[in-house]
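A.B. asks: Quick one: structure below, then a few questions.
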Amino acid sequence: MTEWWKKSTVYQIYPRSFQDANGDGIGDLQGIIQRLPYLAHLGIDIVWLGPIYDSPNDDNGYDIRNYRKIQKEYGDLNDFKQLIEEAKKLGIGIMMDLVVNHTSDEHEWFKQARLSKESPYRDYYIFKDEPNNWVSFFSGSAWAYNEPTNDYYLHLFSEKQPDLNWENAEMRQEIYDMMRYWTDFGIVGFRMDVINLIAKDQAFPDGEEVTETGYADGSQYYMNLPKVHDYLKEMHANVLAQGQYITVGETPGTTPESANVFTNPASKELSMIFTFEHMDVDSEGPKWQYKPLDLVELKRIFNEWQTKLHGQGWNSLYWNNHDQPRVVSRFGNDTTYRERSAKMLAIVLHMMQGTPYIYQGEEIGMTNNHFESIDAYRDIETINYYHEQLALGRHQEDILTEIARKSRDHARTPMQWHQQGGFTTGTPWIEVNENTTSINVEAALENQQSIFYTYQQLIQFRKEKAIIQDGSFELLLASHPQLFVYKRHLGDESLLVIANFSEQTFALRVEELNIQSVQSIWIDNQAVSVQQQMIHVEPYGAAVFEI
């Protein structure tokens with residue numbers, strides 16, 4: 001039996017920026033409820049909500065103060081129940097964000113744990129008399145001094161996000177109880193934040209290569225350790241085995257081989273994972289150090305994941321999320337060819353095997369914002385990096401150029417509903433992109449040739465076409481620096497997908513693709529044509545042919 005989520009498409013909502021119903025400048029659950037008919041029109045099956053739990057918002061909700069309470073800015077449990085009920089009427093399931101590598105330092109467990117070494121919650125977290133040299137993902141040491149007990153606690157992210165100690169069986173049962181609390185509301189699954197970091201090497205060795213910051217990458221001692229699979233199997237047995245839930249793990253540093261362990265149904269761990277490999281092709285080492293897109297490398301990565309998981313594990317497919325800059329600004333062309341390149345990026349991704357994830361605004365081609373100064377940014381990772389690099393003596397202009405390319409805040413600007421924005425009647429918590437005057441939902445819905453309708457058609461194809469769900473993947477022209485060309489095969493049926501990642505025009509002979517002829521076009525972006533067995537591909541053109 002094909003799992004239901006293999007035909008589904010997920011839409012990620014960043015609650016803070018989607019729709020504000022009460023005019024306080026912050027998105028909320030009632031705002032999401034208002035927009036459910038729009039998501040149903042698009043064809044969405046599942047909505048993944050970013051964290052909506054009670055939080056001090058040091059990291060925009062990924063620092064949870066109370067796992068069983070809704071953040072008051074978003075509403076309350078009655079609003080959440082209403083959201084689930086109204087979504088269900090439209091055939092949409094709600095997937096929650098599960099953040100269990102760490103809590104907020106304002107969580108009651110940590111407030112008790114940090115006060116005394118005798119606290120019953122002490123072992124829910126990781127305290128050491130002396131810190132090692134690990135660097136935090138958000139800059140600086142991964143350890144913070146705890147004055148009441150004169151020692152240090154581990155925080156791989158913000159100081160206000162102490163890591164949980166998954167060695168503690170009581171803590172794990174508390175997590176499983178909390179998960180069952182939410183599944184009882186009728187949610188359809190969980191997206192699991194940095195879930196492959198929950199197992200740590202209990203020796204806590206120093207990292208080997210100390211950088212100019214004075215700290216070292218310790219990820220080999222906490223990323224993808226074997227014990228994480230024991231924890232996930234236990235989680236599955238305690239919670240997920242009770243229903244047909246969709247789960248996706250955020251798992252930096254994974255390979256197709258490790259993904260097969262996480263996602264093979266026999267493992268009873270996760271439905272799928274998010275890889276980061278394809279999101280690193282425009283970085284020279286660290287995320288902030290930019291290099292131009294290497295399409296040959298991008299194709300190699302997709303080919304590996306498509307072929308090595310086929311028939312064993314399962315892929316997730318995404319270009320955008322709350323942690324990534326807008327893909328049309330990143331891998332496409334957000335000026336002259338914005339609409340065409342956005343459609344191209346949609347087609348090339350959605351014709352692969354896996355469950356697609358659309359991030360809010362992607363379906364109308366929202367772009368990166370132009371933040372004027374560091375004061376306009378809200379993201380803790382961005383702000384910490386800026387000040388760290390200034391302290392190292394770097395020029396302000398160089399740092400601002402780096403963060404203008406890669407800041408997470410590009411994804412977090414408010415959803416653009418109409419020419420005036422439409423997100424809030426108040427002052428938005430982060431500035432609205434000024435191009436909302438031309439890029440907005442209202443305009444997209446009125447234009448039958450808009451990016452929105454390309455996404456709508458691709459979502460429908462996945463529900464109906466077995467070749468998209470189950471077909472094999474064959475990469476063509478692997479070394480071509482501008483064209484992404486592949487085939488899908490299932491039984492006697494084959495498809496040819498062609499996508500141009502450049503402003504050049506190309507002409508391909510059908511025979512050089514090892515096919516006899518192309519038949520009907522399933523979907524295109526009006527920039528590919530066939531004449532006398534020659535396929536002409538204009539800048540950022542894309543098409544799917546039956547062959």
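Lettering and numbering for the structure tokens are positional, with chains as A, B, ... in the shown order, residues counted from 1 in each chain, and ligands counted from 1 in the shown order.
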As a list in words, please: every residue in segment 241-367 of chain A that DSSP puts in strand (DSSP E or B).

C.D. replies: Ile246, Thr247, Val248, Gly249, Glu250, Met272, Ile273, Phe274, Ser283, Tyr290, Asn315, Ser316, Leu317, Tyr318, Thr355, Pro356, Tyr357, Ile358 and Tyr359 of chain A

A.B. asks: Deliver the residues from the most recent selection as a file, using C-alpha atoms, as a JSON list (two decimals), in the first residue's frame.

C.D. replies:
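Generated file (out.json):
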[["chain", "number", "residue", "atom", "x", "y", "z"],
["A", 246, "ILE", "CA", 3.82, 11.82, 8.39],
["A", 247, "THR", "CA", 7.20, 12.65, 9.91],
["A", 248, "VAL", "CA", 10.11, 14.57, 8.45],
["A", 249, "GLY", "CA", 13.40, 15.02, 10.26],
["A", 250, "GLU", "CA", 15.59, 18.07, 9.79],
["A", 272, "MET", "CA", 11.54, 11.21, 5.25],
["A", 273, "ILE", "CA", 14.28, 13.68, 6.11],
["A", 274, "PHE", "CA", 15.41, 17.11, 4.97],
["A", 283, "SER", "CA", 28.56, 28.30, -0.32],
["A", 290, "TYR", "CA", 29.11, 32.79, -1.26],
["A", 315, "ASN", "CA", 12.86, 11.84, -0.40],
["A", 316, "SER", "CA", 11.59, 15.22, 0.66],
["A", 317, "LEU", "CA", 11.75, 17.88, -2.05],
["A", 318, "TYR", "CA", 12.26, 21.55, -1.23],
["A", 355, "THR", "CA", 7.09, 14.65, -1.01],
["A", 356, "PRO", "CA", 7.30, 18.34, -2.03],
["A", 357, "TYR", "CA", 7.39, 21.16, 0.52],
["A", 358, "ILE", "CA", 6.28, 24.62, -0.62],
["A", 359, "TYR", "CA", 7.20, 27.55, 1.60]]

A.B. asks: Can you write out as a tab-separated table which residues of segment 330-366 of chain A fall within 12 Å of segment 420-437 of chain A, alongside each residue's closest atom pair and its distance in Å to one decimal, counting only C-alpha atoms and ordering rows by chain and ascending residue number?

C.D. replies:
residue	atom	partner	partner_atom	distance
A:Asp334	CA	A:Asn435	CA	11.1
A:Thr335	CA	A:Asn435	CA	11.1
A:Gly361	CA	A:Thr436	CA	10.9
A:Ile364	CA	A:Thr436	CA	10.6
A:Gly365	CA	A:Thr436	CA	10.8
A:Met366	CA	A:Thr436	CA	8.5

A.B. asks: Just to be explicit: take each residue in the selection above, keep C-alpha atoms, and write the result as a compact mmCIF listing (two decimals), in the first residue's frame.

C.D. replies:
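This went into result_32.txt:
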# COMPACT_ATOMS: atom_id res chain seq x y z
CA ASP A 334 14.38 37.69 -9.70
CA THR A 335 14.32 40.61 -12.16
CA GLY A 361 4.98 32.84 -0.95
CA ILE A 364 3.73 33.48 -6.20
CA GLY A 365 7.48 33.97 -6.69
CA MET A 366 8.29 36.08 -3.61

A.B. asks: Write out as a ChimeraX atom specification each polymer residue whose atoms come within 12 Å of Pro252 of chain A, counting only C-alpha atoms; drop sequence neighbours fewer than 6 positions from it.

C.D. replies: /A:137,192-197,219-220,222-224,258-259,273-280

A.B. asks: Could the residues in this selection be written to a file with N, CA and C atoms, as a PDB file, in the first residue's frame?

C.D. replies:
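What ended up in out.pdb:
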ATOM      1  N   PHE A 137      26.087  27.038  16.754  1.00  0.00           N
ATOM      2  CA  PHE A 137      25.590  27.372  15.403  1.00  0.00           C
ATOM      3  C   PHE A 137      25.293  28.868  15.273  1.00  0.00           C
ATOM      4  N   MET A 192      10.483  17.496  12.568  1.00  0.00           N
ATOM      5  CA  MET A 192      11.331  17.389  13.750  1.00  0.00           C
ATOM      6  C   MET A 192      12.601  18.213  13.577  1.00  0.00           C
ATOM      7  N   ASP A 193      12.696  19.257  14.368  1.00  0.00           N
ATOM      8  CA  ASP A 193      13.803  20.204  14.293  1.00  0.00           C
ATOM      9  C   ASP A 193      15.116  19.533  14.689  1.00  0.00           C
ATOM     10  N   VAL A 194      16.152  19.710  13.884  1.00  0.00           N
ATOM     11  CA  VAL A 194      17.508  19.168  14.103  1.00  0.00           C
ATOM     12  C   VAL A 194      17.503  17.857  14.895  1.00  0.00           C
ATOM     13  N   ILE A 195      16.686  16.930  14.468  1.00  0.00           N
ATOM     14  CA  ILE A 195      16.454  15.717  15.250  1.00  0.00           C
ATOM     15  C   ILE A 195      17.681  14.809  15.278  1.00  0.00           C
ATOM     16  N   ASN A 196      18.579  14.934  14.293  1.00  0.00           N
ATOM     17  CA  ASN A 196      19.762  14.072  14.290  1.00  0.00           C
ATOM     18  C   ASN A 196      20.883  14.592  15.190  1.00  0.00           C
ATOM     19  N   LEU A 197      20.596  15.624  15.978  1.00  0.00           N
ATOM     20  CA  LEU A 197      21.592  16.142  16.927  1.00  0.00           C
ATOM     21  C   LEU A 197      21.317  15.687  18.360  1.00  0.00           C
ATOM     22  N   SER A 219      30.733  18.943  15.509  1.00  0.00           N
ATOM     23  CA  SER A 219      29.558  18.210  15.014  1.00  0.00           C
ATOM     24  C   SER A 219      29.785  16.709  14.874  1.00  0.00           C
ATOM     25  N   GLN A 220      31.032  16.281  14.696  1.00  0.00           N
ATOM     26  CA  GLN A 220      31.258  14.830  14.583  1.00  0.00           C
ATOM     27  C   GLN A 220      30.907  14.112  15.885  1.00  0.00           C
ATOM     28  N   TYR A 222      28.172  15.012  17.786  1.00  0.00           N
ATOM     29  CA  TYR A 222      26.742  15.089  18.109  1.00  0.00           C
ATOM     30  C   TYR A 222      25.832  14.999  16.884  1.00  0.00           C
ATOM     31  N   MET A 223      26.380  14.847  15.715  1.00  0.00           N
ATOM     32  CA  MET A 223      25.562  14.807  14.502  1.00  0.00           C
ATOM     33  C   MET A 223      25.528  13.387  13.927  1.00  0.00           C
ATOM     34  N   ASN A 224      24.335  12.820  13.804  1.00  0.00           N
ATOM     35  CA  ASN A 224      24.149  11.493  13.194  1.00  0.00           C
ATOM     36  C   ASN A 224      24.866  10.369  13.933  1.00  0.00           C
ATOM     37  N   SER A 258      22.836   7.388   4.791  1.00  0.00           N
ATOM     38  CA  SER A 258      22.255   7.530   6.132  1.00  0.00           C
ATOM     39  C   SER A 258      20.759   7.817   6.049  1.00  0.00           C
ATOM     40  N   ALA A 259      20.333   8.498   4.985  1.00  0.00           N
ATOM     41  CA  ALA A 259      18.902   8.764   4.800  1.00  0.00           C
ATOM     42  C   ALA A 259      18.117   7.470   4.651  1.00  0.00           C
ATOM     43  N   ILE A 273      13.437  12.683   5.448  1.00  0.00           N
ATOM     44  CA  ILE A 273      14.276  13.685   6.113  1.00  0.00           C
ATOM     45  C   ILE A 273      14.507  14.856   5.175  1.00  0.00           C
ATOM     46  N   PHE A 274      14.930  15.973   5.752  1.00  0.00           N
ATOM     47  CA  PHE A 274      15.405  17.113   4.967  1.00  0.00           C
ATOM     48  C   PHE A 274      16.922  17.029   4.875  1.00  0.00           C
ATOM     49  N   THR A 275      17.430  16.886   3.649  1.00  0.00           N
ATOM     50  CA  THR A 275      18.864  17.002   3.432  1.00  0.00           C
ATOM     51  C   THR A 275      19.231  18.474   3.241  1.00  0.00           C
ATOM     52  N   PHE A 276      20.473  18.817   3.526  1.00  0.00           N
ATOM     53  CA  PHE A 276      20.956  20.181   3.318  1.00  0.00           C
ATOM     54  C   PHE A 276      21.945  20.256   2.155  1.00  0.00           C
ATOM     55  N   GLU A 277      22.279  19.107   1.594  1.00  0.00           N
ATOM     56  CA  GLU A 277      23.367  19.068   0.614  1.00  0.00           C
ATOM     57  C   GLU A 277      23.120  20.020  -0.556  1.00  0.00           C
ATOM     58  N   HIS A 278      21.912  19.996  -1.120  1.00  0.00           N
ATOM     59  CA  HIS A 278      21.648  20.844  -2.278  1.00  0.00           C
ATOM     60  C   HIS A 278      21.540  22.316  -1.904  1.00  0.00           C
ATOM     61  N   MET A 279      21.423  22.608  -0.610  1.00  0.00           N
ATOM     62  CA  MET A 279      21.360  23.990  -0.168  1.00  0.00           C
ATOM     63  C   MET A 279      22.747  24.585   0.091  1.00  0.00           C
ATOM     64  N   ASP A 280      23.780  23.769  -0.068  1.00  0.00           N
ATOM     65  CA  ASP A 280      25.149  24.244   0.184  1.00  0.00           C
ATOM     66  C   ASP A 280      25.947  24.475  -1.099  1.00  0.00           C
TER      67      ASP A 280
END

A.B. asks: Using only C-alpha atoms, I'd like a table of the residues in segment 395-488 of chain A that come within 9 Å of segment 291-303 of chain A; for each, show the closest atom pair and its distance in Å rounded to one decimal, ordered by chain and ascending number, as JSON lines.

C.D. replies:
{"residue": "A:Phe473", "atom": "CA", "partner": "A:Asn303", "partner_atom": "CA", "distance": 7.6}
{"residue": "A:Glu474", "atom": "CA", "partner": "A:Asn303", "partner_atom": "CA", "distance": 7.7}
{"residue": "A:Leu475", "atom": "CA", "partner": "A:Asn303", "partner_atom": "CA", "distance": 6.5}
{"residue": "A:Ala478", "atom": "CA", "partner": "A:Val296", "partner_atom": "CA", "distance": 6.5}
{"residue": "A:Ser479", "atom": "CA", "partner": "A:Val296", "partner_atom": "CA", "distance": 5.7}
{"residue": "A:His480", "atom": "CA", "partner": "A:Val296", "partner_atom": "CA", "distance": 6.7}
{"residue": "A:Pro481", "atom": "CA", "partner": "A:Val296", "partner_atom": "CA", "distance": 5.7}
{"residue": "A:Gln482", "atom": "CA", "partner": "A:Leu295", "partner_atom": "CA", "distance": 6.6}
{"residue": "A:Leu483", "atom": "CA", "partner": "A:Leu295", "partner_atom": "CA", "distance": 8.0}
{"residue": "A:Phe484", "atom": "CA", "partner": "A:Lys299", "partner_atom": "CA", "distance": 6.9}
{"residue": "A:Val485", "atom": "CA", "partner": "A:Lys299", "partner_atom": "CA", "distance": 9.0}

A.B. asks: Kindly save the residues from that selection, with C-alpha atoms included, as a PDB file, in the first residue's frame.

C.D. replies:
ATOM      1  CA  PHE A 473      15.099   8.740 -12.232  1.00  0.00           C
ATOM      2  CA  GLU A 474      17.698   8.959 -15.008  1.00  0.00           C
ATOM      3  CA  LEU A 475      19.971  12.013 -15.265  1.00  0.00           C
ATOM      4  CA  ALA A 478      25.267  15.383 -16.323  1.00  0.00           C
ATOM      5  CA  SER A 479      28.175  17.702 -17.151  1.00  0.00           C
ATOM      6  CA  HIS A 480      26.160  20.421 -18.927  1.00  0.00           C
ATOM      7  CA  PRO A 481      26.738  23.641 -16.953  1.00  0.00           C
ATOM      8  CA  GLN A 482      23.372  25.276 -17.708  1.00  0.00           C
ATOM      9  CA  LEU A 483      20.786  22.578 -18.491  1.00  0.00           C
ATOM     10  CA  PHE A 484      19.166  20.200 -16.009  1.00  0.00           C
ATOM     11  CA  VAL A 485      17.715  17.298 -18.022  1.00  0.00           C
TER      12      VAL A 485
END

A.B. asks: Taking 3 positions as the minimum chain separation for residues in the same chain, which residues sit within 12 Å of Asn66 of chain A when counting only C-alpha atoms? Answer as a list of chain:residue names.

C.D. replies: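 My list of contacting residues is A:Pro51, A:Ile52, A:Tyr53, A:Asp54, A:Ser55, A:Pro56, A:Gly61, A:Tyr62, A:Asp63, A:Lys69, A:Ile70, A:Gln71, A:Lys72, A:Val99, A:Val100, A:Thr103, A:Ser104, A:Asp105, A:Glu106, A:His107, A:Glu108, A:Trp109, A:Phe110, A:Ile175, A:Met178.
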
A.B. asks: Emit the selected residues as a CSV table (one decimal), in the first residue's frame, including N, CA, C and O atoms.

C.D. replies:
chain,number,residue,atom,x,y,z
A,51,PRO,N,6.8,26.6,14.8
A,51,PRO,CA,6.4,26.4,16.2
A,51,PRO,C,5.4,27.5,16.7
A,51,PRO,O,5.5,28.7,16.4
A,52,ILE,N,4.3,27.0,17.3
A,52,ILE,CA,3.3,27.9,17.8
A,52,ILE,C,3.2,27.8,19.4
A,52,ILE,O,2.2,28.2,20.0
A,53,TYR,N,4.2,27.2,20.0
A,53,TYR,CA,4.2,27.0,21.4
A,53,TYR,C,4.6,28.2,22.2
A,53,TYR,O,5.3,29.1,21.6
A,54,ASP,N,4.3,28.3,23.4
A,54,ASP,CA,4.7,29.4,24.3
A,54,ASP,C,6.2,29.5,24.3
A,54,ASP,O,6.9,28.6,24.5
A,55,SER,N,6.7,30.8,24.0
A,55,SER,CA,8.1,31.0,23.8
A,55,SER,C,8.5,32.4,24.1
A,55,SER,O,7.7,33.3,23.8
A,56,PRO,N,9.7,32.7,24.6
A,56,PRO,CA,10.2,34.0,24.8
A,56,PRO,C,10.6,34.6,23.4
A,56,PRO,O,10.9,35.8,23.3
A,61,GLY,N,10.4,31.3,18.3
A,61,GLY,CA,9.6,30.2,18.6
A,61,GLY,C,10.3,28.8,18.7
A,61,GLY,O,9.7,27.8,19.2
A,62,TYR,N,11.6,28.8,18.3
A,62,TYR,CA,12.3,27.5,18.4
A,62,TYR,C,13.0,27.4,19.8
A,62,TYR,O,13.8,26.6,20.0
A,63,ASP,N,12.6,28.3,20.7
A,63,ASP,CA,13.0,28.2,22.1
A,63,ASP,C,11.7,28.1,22.9
A,63,ASP,O,11.0,29.1,23.1
A,69,LYS,N,1.3,24.7,25.7
A,69,LYS,CA,0.6,26.0,25.7
A,69,LYS,C,0.9,26.7,24.3
A,69,LYS,O,2.0,26.7,23.8
A,70,ILE,N,-0.2,27.3,23.8
A,70,ILE,CA,0.0,28.1,22.6
A,70,ILE,C,0.6,29.5,22.9
A,70,ILE,O,0.2,30.1,23.8
A,71,GLN,N,1.5,29.9,22.0
A,71,GLN,CA,2.0,31.3,22.2
A,71,GLN,C,0.9,32.3,22.1
A,71,GLN,O,0.1,32.3,21.2
A,72,LYS,N,0.8,33.2,23.1
A,72,LYS,CA,-0.4,34.1,23.3
A,72,LYS,C,-0.6,35.0,22.1
A,72,LYS,O,-1.7,35.4,21.7
A,99,VAL,N,10.2,20.4,18.5
A,99,VAL,CA,11.6,21.0,18.8
A,99,VAL,C,12.0,20.3,20.1
A,99,VAL,O,11.6,20.8,21.2
A,100,VAL,N,12.8,19.3,20.0
A,100,VAL,CA,13.1,18.5,21.2
A,100,VAL,C,14.6,18.3,21.4
A,100,VAL,O,15.1,17.4,22.2
A,103,THR,N,15.2,23.2,24.8
A,103,THR,CA,14.1,24.0,25.2
A,103,THR,C,14.5,25.5,25.3
A,103,THR,O,15.7,25.8,25.0
A,104,SER,N,13.6,26.3,25.8
A,104,SER,CA,14.0,27.6,26.3
A,104,SER,C,14.7,27.5,27.6
A,104,SER,O,14.4,26.6,28.4
A,105,ASP,N,15.5,28.5,28.0
A,105,ASP,CA,16.1,28.5,29.3
A,105,ASP,C,15.0,29.0,30.3
A,105,ASP,O,15.2,28.9,31.5
A,106,GLU,N,13.8,29.4,29.8
A,106,GLU,CA,12.7,29.8,30.6
A,106,GLU,C,11.7,28.6,30.8
A,106,GLU,O,10.7,28.8,31.5
A,107,HIS,N,12.0,27.5,30.3
A,107,HIS,CA,11.2,26.3,30.5
A,107,HIS,C,11.3,25.9,32.0
A,107,HIS,O,12.4,26.0,32.6
A,108,GLU,N,10.2,25.5,32.6
A,108,GLU,CA,10.2,25.1,34.0
A,108,GLU,C,11.3,24.1,34.3
A,108,GLU,O,11.9,24.1,35.4
A,109,TRP,N,11.5,23.1,33.4
A,109,TRP,CA,12.5,22.1,33.7
A,109,TRP,C,13.9,22.7,33.9
A,109,TRP,O,14.6,22.4,34.8
A,110,PHE,N,14.2,23.7,33.0
A,110,PHE,CA,15.6,24.3,33.1
A,110,PHE,C,15.7,25.2,34.3
A,110,PHE,O,16.7,25.3,34.9
A,175,ILE,N,8.8,13.8,26.7
A,175,ILE,CA,8.6,14.2,25.3
A,175,ILE,C,7.5,13.4,24.6
A,175,ILE,O,6.7,13.9,23.9
A,178,MET,N,4.1,14.4,25.7
A,178,MET,CA,3.8,15.7,25.0
A,178,MET,C,3.4,15.5,23.6
A,178,MET,O,2.4,16.1,23.1

A.B. asks: Just checking: using only C-alpha atoms, which residue out of A:Glu381, A:Pro325, A:Asn320, A:Lys233 ends up closest to Ser136 of chain A?

C.D. replies: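 Using only C-alpha atoms, the shortest distance to Ser136 of chain A belongs to A:Glu381.
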
A.B. asks: Between A:Asn333, A:Ser8, A:Ser141, A:Thr307, which residue has the minimum interatomic distance to Lys465 of chain A, considering only C-alpha atoms?

C.D. replies: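 Once distances to Lys465 of chain A are computed over only C-alpha atoms, the minimum belongs to A:Ser8.
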
A.B. asks: Looking only at the backbone, which of the residues in segment 9-152 of chain A does DSSP tag as helix (DSSP H, G or I), as a count of residues only?

C.D. replies: 43

A.B. asks: Taking only C-alpha atoms into account, name the residue in A:His350, A:Lys200, A:Lys89, A:His395 that is nearest to Tyr125 of chain A.

C.D. replies: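 Among the listed residues, the smallest separation from Tyr125 of chain A belongs to A:Lys200.
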
A.B. asks: So that I can check the surroundings of Ser450 of chain A, please list as a ChimeraX atom specification every protein, DNA and RNA residue that reaches within 12 Å of it, counting only C-alpha atoms and ignoring chain neighbours fewer than 3 positions away.

C.D. replies: /A:338-343,363-365,439-447,453-457,525-526

A.B. asks: Out of A:Thr183, A:Gln112, A:Thr9, A:Gln161, which residue has the shortest atom-to-atom distance to Lys463 of chain A when counting only C-alpha atoms?

C.D. replies: A:Thr9

A.B. asks: Which residues come within 12 Å of segment 515-521 of chain A, counting only C-alpha atoms, excluding same-chain residues fewer than 3 positions away, as number ranges by chain?

C.D. replies: A: 476, 486-487, 493-498, 508-512, 524-526, 528-535, 542-547

A.B. asks: Take the residues from that selection and write them out as a CSV table (one decimal), in the first residue's frame, keeping N, CA, C and O atoms.

C.D. replies:
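Result file selection.csv:
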chain,number,residue,atom,x,y,z
A,476,LEU,N,20.4,13.0,-17.4
A,476,LEU,CA,21.0,13.2,-18.8
A,476,LEU,C,21.9,14.4,-18.7
A,476,LEU,O,21.7,15.3,-17.9
A,486,TYR,N,16.5,15.4,-17.2
A,486,TYR,CA,16.3,14.0,-16.7
A,486,TYR,C,15.1,13.4,-17.2
A,486,TYR,O,14.2,14.0,-17.8
A,487,LYS,N,15.1,12.0,-17.1
A,487,LYS,CA,13.9,11.2,-17.5
A,487,LYS,C,13.3,10.6,-16.2
A,487,LYS,O,14.1,10.3,-15.2
A,493,GLU,N,5.9,3.7,-19.6
A,493,GLU,CA,5.8,5.2,-19.6
A,493,GLU,C,7.1,5.9,-19.3
A,493,GLU,O,7.8,5.5,-18.4
A,494,SER,N,7.4,7.0,-20.1
A,494,SER,CA,8.6,7.8,-19.8
A,494,SER,C,8.3,9.2,-20.0
A,494,SER,O,7.5,9.6,-20.8
A,495,LEU,N,9.0,10.0,-19.1
A,495,LEU,CA,8.9,11.5,-19.2
A,495,LEU,C,10.3,12.1,-19.4
A,495,LEU,O,11.2,11.5,-18.9
A,496,LEU,N,10.3,13.2,-20.1
A,496,LEU,CA,11.6,14.0,-20.3
A,496,LEU,C,11.3,15.3,-19.6
A,496,LEU,O,10.4,16.0,-20.0
A,497,VAL,N,12.2,15.7,-18.7
A,497,VAL,CA,12.2,17.0,-18.1
A,497,VAL,C,13.4,17.8,-18.5
A,497,VAL,O,14.5,17.3,-18.3
A,498,ILE,N,13.2,19.0,-19.0
A,498,ILE,CA,14.2,19.9,-19.4
A,498,ILE,C,14.1,21.2,-18.7
A,498,ILE,O,13.0,21.8,-18.7
A,508,LEU,N,18.6,21.5,-28.7
A,508,LEU,CA,19.0,20.1,-28.5
A,508,LEU,C,18.4,19.2,-29.5
A,508,LEU,O,17.2,19.2,-29.8
A,509,ARG,N,19.2,18.3,-30.1
A,509,ARG,CA,18.7,17.3,-31.0
A,509,ARG,C,18.1,16.2,-30.2
A,509,ARG,O,18.7,15.7,-29.2
A,510,VAL,N,16.9,15.7,-30.6
A,510,VAL,CA,16.2,14.7,-29.9
A,510,VAL,C,17.1,13.4,-29.7
A,510,VAL,O,17.2,12.8,-28.6
A,511,GLU,N,17.9,13.1,-30.8
A,511,GLU,CA,18.6,11.9,-30.7
A,511,GLU,C,19.8,11.9,-29.7
A,511,GLU,O,20.3,10.9,-29.2
A,512,GLU,N,20.3,13.2,-29.4
A,512,GLU,CA,21.4,13.2,-28.4
A,512,GLU,C,20.9,13.0,-27.0
A,512,GLU,O,21.7,12.8,-26.1
A,524,ASP,N,4.7,23.3,-19.1
A,524,ASP,CA,5.9,24.1,-19.5
A,524,ASP,C,5.7,25.5,-19.0
A,524,ASP,O,4.7,25.9,-18.4
A,525,ASN,N,6.7,26.4,-19.3
A,525,ASN,CA,6.6,27.8,-18.9
A,525,ASN,C,6.7,28.7,-20.1
A,525,ASN,O,7.2,29.8,-20.0
A,526,GLN,N,6.2,28.2,-21.2
A,526,GLN,CA,6.1,28.9,-22.5
A,526,GLN,C,7.5,29.4,-23.0
A,526,GLN,O,7.6,30.5,-23.6
A,528,VAL,N,9.9,26.8,-24.2
A,528,VAL,CA,10.5,25.6,-24.8
A,528,VAL,C,9.6,25.2,-26.0
A,528,VAL,O,8.4,25.2,-25.9
A,529,SER,N,10.2,24.9,-27.1
A,529,SER,CA,9.4,24.5,-28.3
A,529,SER,C,10.2,23.4,-29.1
A,529,SER,O,11.4,23.2,-28.9
A,530,VAL,N,9.4,22.7,-29.9
A,530,VAL,CA,10.0,21.6,-30.7
A,530,VAL,C,9.7,21.8,-32.2
A,530,VAL,O,8.6,22.1,-32.5
A,531,GLN,N,10.8,21.8,-33.0
A,531,GLN,CA,10.7,21.9,-34.4
A,531,GLN,C,11.6,20.9,-35.1
A,531,GLN,O,12.8,21.0,-34.9
A,532,GLN,N,11.0,20.0,-35.9
A,532,GLN,CA,11.8,19.1,-36.7
A,532,GLN,C,12.8,18.3,-35.8
A,532,GLN,O,14.0,18.3,-36.1
A,533,GLN,N,12.3,17.8,-34.7
A,533,GLN,CA,13.1,17.0,-33.8
A,533,GLN,C,14.3,17.8,-33.1
A,533,GLN,O,15.3,17.2,-32.7
A,534,MET,N,14.1,19.1,-33.1
A,534,MET,CA,15.0,19.9,-32.3
A,534,MET,C,14.2,20.6,-31.2
A,534,MET,O,13.1,21.1,-31.4
A,535,ILE,N,14.8,20.5,-30.0
A,535,ILE,CA,14.1,21.1,-28.8
A,535,ILE,C,14.8,22.4,-28.6
A,535,ILE,O,16.0,22.5,-28.3
A,542,ALA,N,11.5,25.7,-19.3
A,542,ALA,CA,11.3,24.4,-18.7
A,542,ALA,C,10.1,23.7,-19.3
A,542,ALA,O,9.1,24.4,-19.6
A,543,ALA,N,10.2,22.4,-19.5
A,543,ALA,CA,9.1,21.7,-20.1
A,543,ALA,C,9.2,20.2,-19.6
A,543,ALA,O,10.3,19.7,-19.4
A,544,VAL,N,8.0,19.6,-19.6
A,544,VAL,CA,7.9,18.1,-19.3
A,544,VAL,C,7.2,17.5,-20.5
A,544,VAL,O,6.1,17.8,-20.8
A,545,PHE,N,7.9,16.5,-21.2
A,545,PHE,CA,7.4,15.9,-22.4
A,545,PHE,C,7.1,14.4,-22.1
A,545,PHE,O,7.8,13.8,-21.3
A,546,GLU,N,6.1,13.9,-22.7
A,546,GLU,CA,5.9,12.4,-22.8
A,546,GLU,C,6.8,12.0,-23.9
A,546,GLU,O,6.9,12.6,-24.9
A,547,ILE,N,7.5,10.9,-23.7
A,547,ILE,CA,8.4,10.4,-24.8
A,547,ILE,C,8.1,8.9,-25.0
A,547,ILE,O,7.6,8.2,-24.2

A.B. asks: Tell me which of A:Ser438, A:Asp20, A:Arg488, A:Ile33 sits closest to Gln419 of chain A, counting only C-alpha atoms.

C.D. replies: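 Once distances to Gln419 of chain A are computed over only C-alpha atoms, the minimum belongs to A:Ser438.
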
A.B. asks: Can you list, as JSON, numbers by chain, every protein, DNA or RNA residue that comes within 12 Å of Leu36 of chain A when you count only C-alpha atoms, leaving out same-chain residues fewer than 2 positions away?

C.D. replies: {"A": [11, 13, 18, 19, 29, 30, 31, 32, 33, 34, 38, 39, 40, 41, 42, 43, 44, 45, 46, 47, 82, 83, 84, 85, 86, 87, 88, 89, 90, 91, 92, 93, 94]}
